[in-house]
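What follows is one structure encoded as structure tokens, with my remarks underneath.
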Amino acid sequence: MMKLNSFGQWVLMGRRCLNPFSRACMFSSAVKQWEGGVSMVQGASRGIGLEFVRQLLEKSDKGHVVATCRNPKGATGLLELKNRFADRLDIHQLDLTIDRTIEEAAKSVKDKYGYLNLLVNASGILSIPNVLQPETTLNKLQRASLLLTYEVNAIGPILVVKHMWPLLKVGGGTGTDRDHAIVANISARVGSIGDNGLGGWHSYRASKAGLNQLTKTMSVEFARKKDPIVCILLHPGTVDTDLSRPFQSNVPEGKLFTKEFSVQKLLSIIMNAKKSDNGKFFAWDGQEIPW
């Protein structure tokens, strides 16, 4: 049976059909439907990304998760989860600075699952010993820092979406309680221009602002094309991870969150995201953040 979803598209067996009599729609039932959906977490070896994988697997006995990172063999946390959820977790290499690895990851997902319902871009860099430090003054700004943070925090995640886009279009809400797929890019409040009252951290702020603009722009395109995809940006708060650890001494009491708490809040926003949330920027508590 075919029906119109909230995006104004014909749906057959949970698949998107712009034309219900097209060849793609006539044979859409040939693609296996995965109960509970197929989620992908990019940047999953540690921190927030690893916690996303864990909660997606533990909170339901259905659904499959694709976890990607630069060095799967060294991702001990992911490997431990693989031992527990062997049939539901796949681990693939993906380096945001190497396009080939993004393309290969997309092909692996397509070959095994055929589609995606959720993409979480969780990776990001703020500091690297002897390589990168957040700038406290314009005098410390360097070309290399600007380029590196922008490549990892803005360019990489958007290229991941580009290559997963066909899989998200096919997936929509298939196998889930939604009628749309979701792209959730992890941003940061410091990427907000309107909220910038302190200055500093030039490279990191600019890279997250860039991610916000790129995500907003693609959300407009997806809506215009009536693709069953909702794109949102998420600020996780200050979370106790390797990324924030060198700067935690300045965090007010009660404002340093555990990974478990932050990801639980973010997953609630993701799972309840509506079509009208497309292109919006949310904090961990569900409050919208100004651009």
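For the structure tokens, the naming scheme is as follows: chains receive sequential letters (A, B, ...) according to their order of presentation, residues are indexed from 1 within each chain, and ligands are indexed from 1 in presentation order.
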
Problem - Distance query Asn278 of chain A at most 7 Å, only C-alpha atoms, self and fewer than 6 positions along chain excluded, as a list of chain:residue names - result: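 These residues fall inside the cut-off: A:Ser219, A:Val230, A:Cys231, A:Ile232.
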
Practice task
Might you pull out every residue within 6 Å of segment 179-186 of chain A, with only C-alpha atoms counted and same-chain residues fewer than 4 positions away left off, and present them as a ChimeraX atom specification?
Solution key: /A:117-122,168,172-173,228-234

Handout entry: Exercise: Gly37 of chain A partners within 7 Å, only C-alpha atoms, chain neighbours under 5 positions left out, as a count of residues only
Key = 6

Exercise for the section: Would you mind writing down, as a PyMOL selection string, each residue of segment 162-217 of chain A that DSSP on the backbone assigns to strand (DSSP E)? Expected result: chain A and resi 181-186

Exercise for the section: Write down as a PyMOL selection string the residues belonging to segment 115-217 of chain A that are assigned alpha helix (DSSP H) by DSSP computed on the backbone. Expected result: chain A and resi 143-150+156-171+202-217

Handout entry: Point-to-point distance from atom CA of Leu138 of chain A to atom CA of Pro236 of chain A, Å rounded to tenths
Key =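 Interatomic distance, atom CA of Leu138 of chain A to atom CA of Pro236 of chain A: 26.9 Å.
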
Problem - Residue nearest Thr258 of chain A among A:Glu35, A:Gly47, A:Glu80, A:Ser127 (counting only C-alpha atoms) - result: A:Gly47

Exercise for the section: Between A:His202, A:Lys259, A:Thr241, A:Leu96, single out the one closest to Leu132 of chain A, counting only C-alpha atoms. Expected result: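 Nearest candidate to Leu132 of chain A out of A:His202, A:Lys259, A:Thr241, A:Leu96: A:His202.
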
Handout entry: Point-to-point distance from atom CA of Gly210 of chain A to atom CA of Glu260 of chain A, Å rounded to tenths
Key =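 These two atoms are separated by 27.3 Å.
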
Practice task
Would you mind reading off the distance between atom CA of Asp227 of chain A and atom CA of Ala273 of chain A, one decimal, in Å?
Solution key: 15.3 Å

Exercise for the section: Find the residues around Cys69 of chain A up to 7 Å (only C-alpha atoms counted), leave out those fewer than 4 positions away in its own chain, and share them as a list in words. Expected result: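 Answer for this query is Gln42, Gly43, Ala44, Ser45, His92, Gln93, Leu94 and Asp95 of chain A.
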
Write the residues of the selection above to a file with C-alpha atoms, as a PDB file, in the first residue's frame.
ATOM      1  CA  GLN A  42      31.228   9.075  12.968  1.00  0.00           C
ATOM      2  CA  GLY A  43      34.023   9.717  15.461  1.00  0.00           C
ATOM      3  CA  ALA A  44      33.091   6.769  17.642  1.00  0.00           C
ATOM      4  CA  SER A  45      36.361   5.616  19.183  1.00  0.00           C
ATOM      5  CA  HIS A  92      34.800   0.799   9.836  1.00  0.00           C
ATOM      6  CA  GLN A  93      37.754   3.070   9.294  1.00  0.00           C
ATOM      7  CA  LEU A  94      36.931   6.676   8.418  1.00  0.00           C
ATOM      8  CA  ASP A  95      39.424   9.522   8.494  1.00  0.00           C
TER       9      ASP A  95
END
